[in-house]
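entry_33.cif, holding mmCIF, C-alpha atoms:
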```
data_final
#
loop_
_atom_site.group_PDB
_atom_site.id
_atom_site.type_symbol
_atom_site.label_atom_id
_atom_site.label_comp_id
_atom_site.auth_asym_id
_atom_site.auth_seq_id
_atom_site.Cartn_x
_atom_site.Cartn_y
_atom_site.Cartn_z
ATOM 1 C CA MET A 29 0.000 0.000 0.000
ATOM 2 C CA THR A 30 1.332 3.421 -0.932
ATOM 3 C CA ILE A 31 1.084 6.216 1.591
ATOM 4 C CA ARG A 32 0.457 9.578 -0.044
ATOM 5 C CA LEU A 33 1.288 12.812 1.721
ATOM 6 C CA SER A 34 0.005 16.306 0.986
ATOM 7 C CA ALA A 35 1.550 19.668 1.790
ATOM 8 C CA GLN A 36 -0.145 23.051 1.722
ATOM 9 C CA ALA A 37 1.846 26.255 1.477
ATOM 10 C CA ASP A 38 1.618 29.972 0.738
ATOM 11 C CA THR A 39 3.929 29.746 -2.310
ATOM 12 C CA ARG A 40 4.773 27.109 -4.919
ATOM 13 C CA GLU A 41 8.422 27.068 -3.818
ATOM 14 C CA GLU A 42 7.490 26.579 -0.165
ATOM 15 C CA GLY A 43 5.299 23.590 -1.031
ATOM 16 C CA LEU A 44 8.051 21.885 -3.009
ATOM 17 C CA GLU A 45 10.596 22.717 -0.287
ATOM 18 C CA GLN A 46 8.463 20.917 2.303
ATOM 19 C CA LEU A 47 8.517 17.721 0.221
ATOM 20 C CA VAL A 48 12.265 17.906 -0.453
ATOM 21 C CA ARG A 49 13.045 18.589 3.215
ATOM 22 C CA LEU A 50 11.243 15.361 4.165
ATOM 23 C CA ASP A 51 13.044 13.370 1.408
ATOM 24 C CA LEU A 52 9.772 12.545 -0.370
ATOM 25 C CA VAL A 53 9.200 11.860 -4.075
ATOM 26 C CA PRO A 54 6.744 14.354 -5.617
ATOM 27 C CA VAL A 55 3.855 12.763 -7.524
ATOM 28 C CA MET A 56 2.005 16.043 -8.016
ATOM 29 C CA LEU A 57 4.036 19.218 -8.231
ATOM 30 C CA PRO A 58 2.641 22.243 -6.383
ATOM 31 C CA ALA A 59 -0.547 23.519 -8.000
ATOM 32 C CA GLN A 60 -2.581 26.594 -7.083
ATOM 33 C CA ILE A 61 -5.864 25.419 -5.557
ATOM 34 C CA SER A 62 -7.587 28.608 -4.407
ATOM 35 C CA GLY A 63 -6.546 32.175 -3.869
ATOM 36 C CA ASP A 64 -2.928 32.185 -2.812
ATOM 37 C CA ARG A 65 -2.857 28.572 -1.571
ATOM 38 C CA TRP A 66 -0.757 25.832 -3.136
ATOM 39 C CA MET A 67 -0.953 22.051 -2.710
ATOM 40 C CA ALA A 68 1.529 19.296 -3.591
ATOM 41 C CA ARG A 69 1.467 15.523 -3.141
ATOM 42 C CA ALA A 70 4.264 13.022 -2.620
ATOM 43 C CA VAL A 71 5.065 9.442 -1.644
ATOM 44 C CA SER A 72 7.902 8.086 0.460
ATOM 45 C CA ARG A 73 11.146 7.214 -1.297
ATOM 46 C CA PRO A 74 11.433 3.479 -2.117
ATOM 47 C CA ALA A 75 13.974 1.534 -0.074
ATOM 48 C CA ALA A 76 17.283 0.953 -1.834
ATOM 49 C CA ARG A 77 17.824 -2.562 -3.099
ATOM 50 C CA PRO A 78 20.959 -4.270 -1.831
ATOM 51 C CA GLN A 79 23.686 -4.442 -4.475
ATOM 52 C CA GLY A 80 25.498 -7.736 -4.637
ATOM 53 C CA PRO A 81 26.232 -10.722 -6.850
ATOM 54 C CA ARG A 82 23.238 -12.521 -8.261
ATOM 55 C CA GLU A 83 22.943 -16.258 -8.114
ATOM 56 C CA VAL A 84 22.169 -17.917 -11.433
ATOM 57 C CA GLN A 85 20.343 -21.214 -11.390
ATOM 58 C CA SER A 86 21.170 -23.704 -14.140
ATOM 59 C CA ALA A 87 18.349 -25.115 -16.236
ATOM 60 C CA GLY A 88 19.925 -28.580 -16.267
#
```

Translate the structure of the given file into structure tokens.
Amino acid sequence: MTIRLSAQADTREEGLEQLVRLDLVPVMLPAQISGDRWMARAVSRPAARPQGPREVQSAG
């Protein structure tokens, strides 16, 4: 299950800054929703996969 987070801000830059500060991946860049309010959405960054040798199974 993906957890989506929203941020509201007074400026577009502030909204994007909130997502970057929390190390989130934007899925919706800041958009003006009403008046001088901006909203952006993001998801958490996927966990890094371990890098190492792969085992290959023989078909025989």

> Could you write out as a ChimeraX atom specification the residues that the PyMOL selection byres ((chain A and resi 70-75) around 9) matches in the shown file?
Replying inline: /A:30-35,47,50-57,68-69,76-77

> So how many Å separate atom CA of Gln46 of chain A and atom CA of Asp64 of chain A, to one decimal?
Replying inline: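 Between atom CA of Gln46 of chain A and atom CA of Asp64 of chain A the gap works out to 16.8 Å.
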
>> What's around Gln60 of chain A at 10 Å? Count all atoms listed in the file, leave out sequence neighbours fewer than 6 positions away in its own chain, and write the answer as a PyMOL selection string.
In response: chain A and resi 36-40+66-68

Please enclose the listed atoms of segment 40-50 of chain A in an axis-aligned box, pad each side by 3 Å, and write out the centre and the three edge lengths in Å, rounded to one decimal, as lines of an AutoDock Vina configuration file.
```
center_x = 8.9
center_y = 21.2
center_z = -0.4
size_x = 14.3
size_y = 17.7
size_z = 15.1
```
